[in-house]
file target20.cif (mmCIF, C-alpha atoms and all ligand atoms)
data_entry
loop_
_atom_site.label_atom_id
_atom_site.label_comp_id
_atom_site.auth_asym_id
_atom_site.auth_seq_id
_atom_site.Cartn_x
_atom_site.Cartn_y
_atom_site.Cartn_z
CA ALA A 23 163.38 67.47 -134.34
CA PHE A 24 163.83 70.87 -132.65
CA PHE A 25 161.06 72.97 -131.13
CA LEU A 26 161.03 76.61 -130.09
CA ALA A 27 158.64 77.53 -127.27
CA ILE A 28 157.58 81.01 -126.22
CA GLU A 29 156.17 82.11 -122.84
CA THR A 30 154.85 85.63 -122.20
CA SER A 31 151.75 84.99 -120.07
CA CYS A 32 152.65 87.24 -117.17
CA ASP A 33 155.88 89.04 -116.34
CA GLU A 34 158.66 86.72 -117.49
CA THR A 35 159.70 86.89 -121.13
CA ALA A 36 160.89 83.37 -121.94
CA ALA A 37 161.95 81.15 -124.82
CA ALA A 38 163.28 77.60 -124.91
CA VAL A 39 164.51 75.02 -127.38
CA PHE A 40 163.83 71.31 -126.83
CA THR A 41 163.80 68.14 -128.90
CA ASP A 42 161.10 65.56 -129.56
CA GLN A 43 162.84 63.48 -126.87
CA TYR A 44 162.10 66.21 -124.27
CA GLU A 45 165.77 67.20 -124.17
CA VAL A 46 165.99 70.87 -123.16
CA ARG A 47 168.73 72.56 -125.22
CA SER A 48 168.15 76.07 -123.85
CA ASN A 49 165.75 77.77 -121.45
CA VAL A 50 166.09 81.56 -121.36
CA VAL A 51 164.07 83.70 -118.94
CA ALA A 52 164.22 87.50 -118.87
CA SER A 53 162.67 88.87 -115.73
CA GLN A 54 160.81 92.19 -115.57
CA THR A 55 161.16 92.59 -111.82
CA ARG A 56 162.90 95.95 -111.95
CA TRP A 57 159.98 97.54 -113.84
CA HIS A 58 157.24 96.17 -111.55
CA ALA A 59 159.01 96.40 -108.18
CA PRO A 60 158.07 100.08 -107.56
CA PHE A 61 154.39 99.01 -107.74
CA THR A 62 154.82 95.83 -105.55
CA GLY A 63 152.99 93.87 -108.21
CA VAL A 64 152.78 93.16 -111.93
CA VAL A 65 151.41 96.12 -113.92
CA PRO A 66 149.77 94.60 -117.03
CA GLU A 67 150.52 97.47 -119.38
CA ILE A 68 154.17 97.59 -118.33
CA ALA A 69 154.40 93.80 -118.70
CA ALA A 70 153.09 93.85 -122.28
CA ARG A 71 155.50 96.61 -123.30
CA ALA A 72 158.44 94.85 -121.64
CA HIS A 73 157.61 91.65 -123.55
CA LEU A 74 157.72 93.63 -126.79
CA ARG A 75 161.20 94.88 -125.93
CA GLN A 76 162.58 91.59 -124.68
CA LEU A 77 161.00 88.79 -126.70
CA LEU A 78 163.03 88.78 -129.91
CA PRO A 79 166.41 89.05 -128.10
CA VAL A 80 165.28 86.24 -125.78
CA VAL A 81 164.30 84.04 -128.74
CA ASP A 82 167.65 84.83 -130.31
CA SER A 83 169.52 83.79 -127.13
CA ALA A 84 167.51 80.57 -126.88
CA LEU A 85 168.45 79.59 -130.45
CA THR A 86 172.10 80.58 -129.99
CA GLU A 87 172.44 78.69 -126.71
CA ALA A 88 170.88 75.64 -128.33
CA GLY A 89 173.36 75.95 -131.20
CA ILE A 90 170.67 76.04 -133.88
CA THR A 91 169.08 78.55 -136.25
CA LEU A 92 165.48 79.21 -137.23
CA LYS A 93 165.86 76.86 -140.21
CA ASP A 94 166.38 73.90 -137.86
CA LEU A 95 162.97 74.26 -136.21
CA SER A 96 160.22 71.69 -136.78
CA ALA A 97 157.51 73.65 -134.97
CA VAL A 98 156.92 76.63 -132.71
CA ALA A 99 154.93 76.35 -129.47
CA VAL A 100 153.34 79.15 -127.46
CA HIS A 101 151.47 79.50 -124.19
CA HIS A 102 148.26 81.14 -125.48
CA THR A 103 146.21 80.76 -122.27
CA PRO A 104 145.70 81.70 -119.43
CA GLY A 105 147.33 84.98 -118.45
CA LEU A 106 147.30 88.73 -118.92
CA VAL A 107 145.83 89.33 -122.35
CA GLY A 108 148.29 92.06 -123.36
CA SER A 109 151.20 89.86 -122.33
CA LEU A 110 149.88 86.72 -124.03
CA LEU A 111 149.26 88.64 -127.27
CA VAL A 112 152.96 89.45 -127.66
CA GLY A 113 153.99 85.78 -127.50
CA VAL A 114 151.09 84.59 -129.63
CA ALA A 115 151.80 87.18 -132.35
CA ALA A 116 155.50 86.29 -132.41
CA ALA A 117 154.81 82.54 -132.57
CA LYS A 118 152.29 82.95 -135.39
CA MET A 119 154.74 85.12 -137.31
CA LEU A 120 157.51 82.52 -136.98
CA ALA A 121 155.20 79.65 -137.94
CA ALA A 122 153.99 81.59 -141.00
CA VAL A 123 157.37 82.70 -142.34
CA LEU A 124 159.11 79.39 -141.61
CA HIS A 125 156.18 77.28 -142.89
CA ILE A 126 156.18 75.14 -139.76
CA PRO A 127 153.31 74.08 -137.48
CA LEU A 128 152.09 76.26 -134.63
CA LEU A 129 151.37 74.48 -131.32
CA ALA A 130 149.07 76.08 -128.72
CA VAL A 131 149.84 75.09 -125.14
CA ASN A 132 148.02 75.79 -121.87
CA HIS A 133 150.33 77.48 -119.33
CA VAL A 134 148.75 75.81 -116.27
CA VAL A 135 149.05 72.37 -117.86
CA SER A 136 152.69 73.22 -118.56
CA HIS A 137 153.29 73.89 -114.85
CA VAL A 138 152.35 70.22 -114.27
CA PHE A 139 154.36 69.13 -117.30
CA ALA A 140 157.48 70.70 -115.75
CA CYS A 141 157.41 67.65 -113.45
CA ARG A 142 157.49 65.28 -116.41
CA LEU A 143 160.36 67.23 -117.91
CA ALA A 144 162.40 67.21 -114.70
CA ALA A 145 161.69 63.55 -113.93
CA GLY A 146 162.85 62.39 -117.35
CA ARG A 147 160.14 59.71 -117.33
CA ASP A 148 156.40 59.34 -117.42
CA ILE A 149 154.49 60.77 -114.45
CA PHE A 150 150.94 60.12 -115.65
CA PRO A 151 148.38 59.32 -114.35
CA CYS A 152 148.75 61.58 -111.33
CA VAL A 153 147.19 64.29 -109.22
CA GLY A 154 148.52 67.69 -110.29
CA LEU A 155 148.73 70.68 -107.98
CA VAL A 156 149.55 74.03 -109.58
CA VAL A 157 150.31 76.80 -107.10
CA SER A 158 151.27 80.04 -108.79
CA GLY A 159 150.64 83.76 -108.90
CA GLY A 160 147.32 83.37 -110.68
CA HIS A 161 146.25 79.80 -109.89
CA THR A 162 145.79 77.34 -107.08
CA VAL A 163 144.25 74.26 -108.61
CA LEU A 164 144.11 70.50 -108.15
CA LEU A 165 143.93 68.40 -111.31
CA HIS A 166 143.38 64.78 -112.15
CA CYS A 167 145.87 64.20 -114.96
CA ASN A 168 145.74 61.21 -117.26
CA SER A 169 148.18 62.80 -119.70
CA ALA A 170 149.41 66.28 -120.59
CA GLN A 171 146.37 66.59 -122.87
CA GLU A 172 143.78 65.09 -120.55
CA MET A 173 143.32 66.91 -117.27
CA LYS A 174 140.21 67.31 -115.17
CA VAL A 175 139.89 70.08 -112.58
CA LEU A 176 139.22 68.65 -109.12
CA GLY A 177 138.99 72.00 -107.39
CA GLY A 178 140.63 75.36 -107.03
CA THR A 179 140.67 78.62 -105.19
CA ARG A 180 137.46 80.56 -104.57
CA ASP A 181 139.31 83.87 -104.42
CA ASP A 182 143.04 84.62 -104.38
CA ALA A 183 145.79 82.32 -105.60
CA ALA A 184 148.35 81.24 -103.02
CA GLY A 185 151.18 83.08 -104.82
CA GLU A 186 149.08 86.22 -104.94
CA ALA A 187 148.58 85.94 -101.16
CA PHE A 188 152.37 85.66 -100.75
CA ASP A 189 152.80 88.81 -102.85
CA LYS A 190 150.11 90.77 -100.97
CA VAL A 191 151.42 89.77 -97.54
CA ALA A 192 154.94 90.69 -98.64
CA ALA A 193 153.69 94.16 -99.60
CA LEU A 194 151.85 94.45 -96.26
CA LEU A 195 154.97 93.53 -94.31
CA GLY A 196 157.12 95.85 -96.41
CA LEU A 197 159.19 92.99 -97.80
CA GLY A 198 159.08 94.15 -101.41
CA PHE A 199 158.56 92.39 -104.72
CA PRO A 200 158.60 89.59 -105.78
CA GLY A 201 156.88 88.58 -102.58
CA GLY A 202 157.23 84.80 -102.43
CA PRO A 203 160.99 84.54 -101.95
CA ALA A 204 160.97 87.57 -99.60
CA VAL A 205 158.30 86.04 -97.33
CA GLU A 206 160.18 82.73 -97.37
CA ARG A 207 163.40 84.44 -96.19
CA GLU A 208 161.55 86.37 -93.46
CA ALA A 209 159.61 83.27 -92.36
CA ALA A 210 162.87 81.42 -91.74
CA LEU A 211 163.55 83.90 -88.91
CA GLY A 212 160.16 83.49 -87.21
CA ASP A 213 157.96 81.12 -85.22
CA PRO A 214 155.24 79.48 -87.39
CA THR A 215 153.07 78.82 -84.31
CA ALA A 216 153.09 82.45 -83.08
CA TYR A 217 149.76 83.27 -84.79
CA ASP A 218 146.88 80.88 -85.34
CA PHE A 219 145.75 81.98 -88.82
CA PRO A 220 142.67 80.50 -90.55
CA ARG A 221 142.92 77.40 -92.73
CA ALA A 222 139.95 77.55 -95.08
CA PHE A 223 138.01 74.31 -95.81
CA ALA A 224 140.36 72.38 -93.50
CA ASP A 225 137.46 70.70 -91.69
CA ASP A 226 135.83 69.12 -94.71
CA GLY A 227 136.70 67.09 -97.78
CA ARG A 228 135.90 69.76 -100.33
CA LEU A 229 138.75 70.27 -102.76
CA ALA A 230 138.69 74.06 -102.57
CA PHE A 231 140.97 76.83 -101.37
CA SER A 232 140.48 80.35 -100.07
CA PHE A 233 143.28 82.73 -99.16
CA SER A 234 141.55 86.11 -98.93
CA GLY A 235 140.42 85.56 -95.31
CA LEU A 236 143.96 84.58 -94.39
CA LYS A 237 145.26 87.77 -95.98
CA THR A 238 142.81 89.84 -93.91
CA ALA A 239 143.77 87.94 -90.75
CA VAL A 240 147.44 88.83 -91.34
CA LEU A 241 146.41 92.47 -91.88
CA TYR A 242 144.55 92.61 -88.53
CA ALA A 243 147.29 90.74 -86.68
CA CYS A 244 149.76 93.24 -88.05
CA PHE A 245 147.91 96.51 -87.51
CA GLY A 246 144.99 95.75 -85.16
CA GLN A 247 141.28 96.04 -85.93
CA ASN A 248 141.26 99.83 -85.95
CA ALA A 249 144.49 100.37 -87.77
CA ARG A 250 144.40 103.53 -89.84
CA ARG A 251 148.10 103.89 -90.40
CA MET A 252 149.50 101.05 -92.42
CA ASP A 253 153.21 101.64 -92.28
CA PRO A 254 154.95 98.27 -92.68
CA PRO A 255 156.13 96.77 -89.38
CA PRO A 256 159.84 97.27 -88.59
CA PRO A 257 162.20 94.31 -88.90
CA GLY A 258 162.03 92.16 -85.78
CA PRO A 259 160.37 89.14 -84.18
CA LYS A 260 156.80 90.34 -84.84
CA ARG A 261 157.35 90.70 -88.56
CA ALA A 262 159.17 87.37 -88.76
CA ASN A 263 156.45 85.61 -86.76
CA LEU A 264 153.73 87.03 -89.01
CA ALA A 265 155.58 85.80 -92.11
CA ALA A 266 156.28 82.36 -90.61
CA SER A 267 152.70 81.86 -89.36
CA PHE A 268 151.23 83.03 -92.67
CA GLN A 269 153.49 80.72 -94.67
CA LYS A 270 152.63 77.79 -92.38
CA ALA A 271 148.88 78.40 -92.84
CA VAL A 272 149.25 78.38 -96.65
CA ILE A 273 151.42 75.27 -96.66
CA ASP A 274 149.11 73.40 -94.27
CA VAL A 275 146.04 73.78 -96.50
CA LEU A 276 147.93 73.09 -99.73
CA VAL A 277 149.36 69.85 -98.34
CA LEU A 278 146.05 68.83 -96.71
CA LYS A 279 144.03 69.34 -99.91
CA ALA A 280 146.65 67.52 -101.98
CA LYS A 281 146.38 64.59 -99.56
CA GLN A 282 142.58 64.62 -99.80
CA ALA A 283 142.74 64.73 -103.61
CA LEU A 284 145.11 61.74 -103.63
CA ARG A 285 142.84 59.75 -101.32
CA GLN A 286 139.66 60.69 -103.19
CA THR A 287 141.06 59.75 -106.60
CA GLY A 288 143.14 56.79 -105.44
CA GLN A 289 146.15 58.15 -107.34
CA ARG A 290 149.65 57.21 -106.13
CA ARG A 291 151.56 60.10 -107.75
CA LEU A 292 151.54 63.81 -107.01
CA ALA A 293 153.00 66.39 -109.43
CA VAL A 294 153.40 69.91 -108.03
CA GLY A 295 154.27 73.01 -110.05
CA GLY A 296 154.00 76.81 -110.18
CA GLY A 297 156.08 79.51 -108.53
CA VAL A 298 155.03 78.68 -104.96
CA ALA A 299 156.47 75.17 -105.42
CA ALA A 300 159.88 76.88 -105.29
CA ASN A 301 159.26 77.38 -101.56
CA GLN A 302 161.56 75.11 -99.55
CA ALA A 303 159.28 74.73 -96.53
CA PHE A 304 156.41 73.75 -98.85
CA ARG A 305 158.58 71.17 -100.60
CA GLN A 306 159.60 69.65 -97.28
CA ALA A 307 155.98 69.46 -96.09
CA LEU A 308 154.99 67.77 -99.36
CA GLU A 309 157.81 65.25 -99.01
CA ALA A 310 156.74 64.37 -95.47
CA MET A 311 153.08 63.94 -96.46
CA CYS A 312 153.89 61.83 -99.51
CA ALA A 313 156.24 59.62 -97.50
CA ARG A 314 153.47 59.02 -94.94
CA GLU A 315 150.89 58.31 -97.66
CA GLY A 316 153.19 56.11 -99.74
CA VAL A 317 152.79 58.47 -102.69
CA GLU A 318 155.46 59.31 -105.25
CA LEU A 319 156.16 63.05 -105.32
CA PHE A 320 157.31 65.02 -108.36
CA VAL A 321 158.46 68.62 -107.88
CA PRO A 322 160.65 70.32 -110.48
CA PRO A 323 163.83 72.21 -109.55
CA ARG A 324 163.09 75.84 -108.68
CA HIS A 325 163.86 77.30 -112.11
CA LEU A 326 161.23 75.02 -113.66
CA CYS A 327 158.62 75.93 -110.99
CA THR A 328 158.49 79.63 -111.86
CA ASP A 329 157.50 80.72 -115.36
CA ASN A 330 159.64 79.42 -118.22
CA ALA A 331 159.19 78.19 -121.78
CA ALA A 332 160.80 74.73 -121.47
CA MET A 333 157.79 73.49 -119.54
CA ALA A 334 155.80 73.88 -122.78
CA ALA A 335 157.51 70.68 -123.99
CA GLY A 336 154.16 68.89 -123.74
CA ALA A 337 153.77 70.46 -127.21
CA VAL A 338 155.82 67.55 -128.60
CA GLU A 339 152.80 65.30 -128.04
CA LEU A 340 150.54 67.76 -129.93
CA TRP A 341 153.03 67.74 -132.79
CA LYS A 342 153.16 63.93 -132.94
CA GLN A 343 149.37 63.83 -133.09
CA LYS A 344 149.32 66.66 -135.67
CA LEU A 345 147.15 68.77 -133.38
CA PHE A 346 148.30 72.04 -134.93
CA ALA A 347 146.86 75.45 -134.04
CA PRO A 348 145.44 77.69 -136.77
CA LEU A 349 147.33 80.84 -137.74
CA ASP A 350 144.42 82.92 -136.44
CA LEU A 351 145.07 81.56 -132.93
CA ASP A 352 144.03 84.11 -130.31
CA ALA A 353 145.27 84.82 -126.80
CA GLN A 354 142.74 83.65 -124.22
CA PRO A 355 143.02 85.35 -120.81
CA THR A 356 140.89 82.84 -118.90
CA TRP A 357 141.36 79.17 -118.96
CA LEU A 358 138.19 77.05 -118.64
P1 LIG B 401 150.14 81.75 -113.35
O1 LIG B 401 151.09 80.63 -113.58
O2 LIG B 401 149.02 81.40 -112.46
O3 LIG B 401 149.70 82.39 -114.63
P2 LIG B 401 152.41 83.33 -112.68
O4 LIG B 401 152.85 82.85 -113.99
O5 LIG B 401 152.62 84.75 -112.30
O6 LIG B 401 150.89 82.91 -112.52
P3 LIG B 401 154.51 81.79 -111.51
O7 LIG B 401 155.60 82.54 -112.19
O8 LIG B 401 154.33 80.38 -111.81
O9 LIG B 401 153.08 82.49 -111.57
O10 LIG B 401 154.71 82.01 -109.96
C1 LIG B 401 154.87 83.28 -109.42
C2 LIG B 401 154.33 83.26 -108.02
O11 LIG B 401 155.07 82.35 -107.23
C3 LIG B 401 154.39 84.61 -107.35
O12 LIG B 401 153.13 84.89 -106.75
C4 LIG B 401 155.48 84.43 -106.30
O13 LIG B 401 155.29 85.19 -105.13
C5 LIG B 401 155.39 82.96 -105.99
N1 LIG B 401 156.67 82.44 -105.49
C6 LIG B 401 157.85 82.43 -106.12
N2 LIG B 401 158.83 81.94 -105.32
C7 LIG B 401 158.23 81.64 -104.14
C8 LIG B 401 158.69 81.12 -102.90
N3 LIG B 401 159.98 80.82 -102.71
N4 LIG B 401 157.79 80.97 -101.91
C9 LIG B 401 156.49 81.27 -102.11
N5 LIG B 401 155.99 81.77 -103.25
C10 LIG B 401 156.84 81.95 -104.26
MG MG B 402 155.82 85.67 -112.91
FE FE B 403 152.96 80.54 -114.24
#
call {"tool": "encode", "arguments": {"input": "target20.cif", "output": "structure tokens", "more": "lines below"}}
Ligand code: ATP
Ligand code: MG
Ligand code: FE
result
Amino acid sequence: AFFLAIETSCDETAAAVFTDQYEVRSNVVASQTRWHAPFTGVVPEIAARAHLRQLLPVVDSALTEAGITLKDLSAVAVHHTPGLVGSLLVGVAAAKMLAAVLHIPLLAVNHVVSHVFACRLAAGRDIFPCVGLVVSGGHTVLLHCNSAQEMKVLGGTRDDAAGEAFDKVAALLGLGFPGGPAVEREAALGDPTAYDFPRAFADDGRLAFSFSGLKTAVLYACFGQNARRMDPPPPGPKRANLAASFQKAVIDVLVLKAKQALRQTGQRRLAVGGGVAANQAFRQALEAMCAREGVELFVPPRHLCTDNAAMAAGAVELWKQKLFAPLDLDAQPTWL
């Protein structure tokens, strides 16, 4: 059986085809970077309009690359939550339309759960039960996962998401958009011990994150307490050290809280997903921690960390259990 999945939750327009055996036949992602870059962040209204322009051609490419046509589909899956409501609506409307005209089931999938499921997809074998850690532009959350359908939130961020902090610090340092990869490149040139930035909740066992104080600390370290002018710092050791020290502070707390979650739940597997999991220094720190703890680590290849539609393959399970979504399915901006 073939499935088409659609992802439009934020600023990537994506479609994928996979089988009931979790074989990915195509995974097409159209970025919108060039439209958002002038604003150093995702502009919701621009994102929704870009999805409208890009979605049908992207679906077409996904089918063509997979070597199938609409008639071959057994079901259509869509990320209907969480995300920007205008963006989600485009994907949800398209998926409902396809399900209706093709007379096939509609499957509603949670985007954050899919970020964990990307690990299952990449591993090619079962990863459950495990601790899940999703670190993306909108989320920083630890989950106790018994299956793709059964996940309990262990804790999350009290303010910004880690990816959002990467994007804001990139803008502050004049590194452009998207911020994560730019900060990673700059950090490679700097000394991660140059600045001692705050690590929120590091001294206790609470499974919680906070990145807004860290963001402010980078701001003050960059411009001083009384800074009025906020021109980005010029290229050089100071800028590189700020990036490296910021990145180290984020990685330290992410790895520490993942370790605490593993110890508190007694789980022996860790599945990490979301755009920030594309960060090489983060991946290395996770590997080192998991090796020390005797825990099996699952991290997808980079292209399955950032937003894509193939990670919605958990939908196969919904299909098998006949957990179909109604044709009046709505986009849901918040998750819980
Ligand atoms: P969510 O999944 O919470 O709805 P999103 O879909 O925007 O948010 P993703 O596409 O999963 O998030 O991830 C994008 C985020 O990942 C951005 O904030 C980006 O800066 C960050 N990111 C991408 N690559 C890297 C990297 N190499 N290092 C650090 N952060 C990165
Ligand atoms: Mg994105
Ligand atoms: Fe995402």
call {"tool": "atom_distance", "arguments": {"input": "target20.cif", "atom1": "atom CA of A:Leu319", "atom2": "atom CA of A:Arg147"}}
result
13.1 Å
call {"tool": "residues_near_ligand", "arguments": {"input": "target20.cif", "ligand": "ligand LIG 401 (chain B)", "cutoff": "7 Å", "atoms": "all atoms listed in the file", "output": "VMD selection string"}}
result
chain A and resid 31 to 33 104 to 105 133 to 134 158 to 161 185 to 186 188 to 189 200 to 203 205 to 206 296 to 302 327 to 329
call {"tool": "residues_around", "arguments": {"input": "target20.cif", "residues": "A:Phe199", "least_positions_apart": "4", "cutoff": "9 Å", "atoms": "only C-alpha atoms", "output": "MDAnalysis selection string"}}
result
chainID A and resid 55 58:63 189 192:193 203:204
call {"tool": "residues_around", "arguments": {"input": "target20.cif", "residues": "A:Ala121", "least_positions_apart": "4", "cutoff": "8 Å", "atoms": "all atoms listed in the file", "output": "JSON, numbers by chain"}}
result
{"A": [97, 98, 117, 125, 126, 127, 128, 349]}
call {"tool": "atom_distance", "arguments": {"input": "target20.cif", "atom1": "atom CA of A:Thr41", "atom2": "atom CA of A:Arg305"}}
result
28.9 Å
call {"tool": "atom_distance", "arguments": {"input": "target20.cif", "atom1": "atom CA of A:Leu85", "atom2": "atom CA of A:Glu67"}}
result
27.6 Å
call {"tool": "residues_near_point", "arguments": {"input": "target20.cif", "point": "(169.7, 74.5, -123.2)", "cutoff": "10 Å", "atoms": "all atoms listed in the file", "output": "ChimeraX atom specification"}}
result
/A:38-40,45-50,84-89,332
call {"tool": "decode", "arguments": {"input": "target20.cif", "residues": "stretch 27-41 of chain A", "atoms": "N, CA and C atoms", "output": "PDB file, in the first residue's frame"}}
result
ATOM      1  N   ALA A  27       1.970  11.743   2.216  1.00  0.00           N
ATOM      2  CA  ALA A  27       1.925  12.575   3.419  1.00  0.00           C
ATOM      3  C   ALA A  27       2.244  14.012   3.055  1.00  0.00           C
ATOM      4  N   ILE A  28       1.586  14.920   3.749  1.00  0.00           N
ATOM      5  CA  ILE A  28       1.739  16.358   3.491  1.00  0.00           C
ATOM      6  C   ILE A  28       2.154  17.081   4.764  1.00  0.00           C
ATOM      7  N   GLU A  29       3.157  17.960   4.641  1.00  0.00           N
ATOM      8  CA  GLU A  29       3.642  18.757   5.778  1.00  0.00           C
ATOM      9  C   GLU A  29       3.678  20.229   5.373  1.00  0.00           C
ATOM     10  N   THR A  30       2.922  21.058   6.112  1.00  0.00           N
ATOM     11  CA  THR A  30       2.968  22.509   5.859  1.00  0.00           C
ATOM     12  C   THR A  30       2.869  23.279   7.184  1.00  0.00           C
ATOM     13  N   SER A  31       3.447  22.726   8.262  1.00  0.00           N
ATOM     14  CA  SER A  31       3.173  23.321   9.582  1.00  0.00           C
ATOM     15  C   SER A  31       3.871  24.651   9.798  1.00  0.00           C
ATOM     16  N   CYS A  32       5.007  24.849   9.122  1.00  0.00           N
ATOM     17  CA  CYS A  32       5.753  26.078   9.364  1.00  0.00           C
ATOM     18  C   CYS A  32       6.186  26.683   8.031  1.00  0.00           C
ATOM     19  N   ASP A  33       7.439  26.539   7.683  1.00  0.00           N
ATOM     20  CA  ASP A  33       7.917  27.215   6.471  1.00  0.00           C
ATOM     21  C   ASP A  33       8.585  26.268   5.486  1.00  0.00           C
ATOM     22  N   GLU A  34       8.359  24.953   5.611  1.00  0.00           N
ATOM     23  CA  GLU A  34       8.777  24.061   4.531  1.00  0.00           C
ATOM     24  C   GLU A  34       7.512  23.451   3.947  1.00  0.00           C
ATOM     25  N   THR A  35       7.399  23.496   2.635  1.00  0.00           N
ATOM     26  CA  THR A  35       6.284  22.839   1.960  1.00  0.00           C
ATOM     27  C   THR A  35       6.786  21.459   1.572  1.00  0.00           C
ATOM     28  N   ALA A  36       6.169  20.394   2.105  1.00  0.00           N
ATOM     29  CA  ALA A  36       6.744  19.072   1.904  1.00  0.00           C
ATOM     30  C   ALA A  36       5.684  18.013   1.628  1.00  0.00           C
ATOM     31  N   ALA A  37       6.081  17.029   0.808  1.00  0.00           N
ATOM     32  CA  ALA A  37       5.222  15.878   0.535  1.00  0.00           C
ATOM     33  C   ALA A  37       6.113  14.651   0.376  1.00  0.00           C
ATOM     34  N   ALA A  38       5.584  13.501   0.788  1.00  0.00           N
ATOM     35  CA  ALA A  38       6.364  12.265   0.712  1.00  0.00           C
ATOM     36  C   ALA A  38       5.443  11.112   0.357  1.00  0.00           C
ATOM     37  N   VAL A  39       6.044  10.084  -0.230  1.00  0.00           N
ATOM     38  CA  VAL A  39       5.330   8.834  -0.474  1.00  0.00           C
ATOM     39  C   VAL A  39       6.078   7.724   0.246  1.00  0.00           C
ATOM     40  N   PHE A  40       5.341   6.911   1.023  1.00  0.00           N
ATOM     41  CA  PHE A  40       5.955   5.747   1.680  1.00  0.00           C
ATOM     42  C   PHE A  40       4.975   4.583   1.645  1.00  0.00           C
ATOM     43  N   THR A  41       5.495   3.403   1.954  1.00  0.00           N
ATOM     44  CA  THR A  41       4.661   2.200   1.913  1.00  0.00           C
ATOM     45  C   THR A  41       4.279   1.775   3.332  1.00  0.00           C
TER      46      THR A  41
END
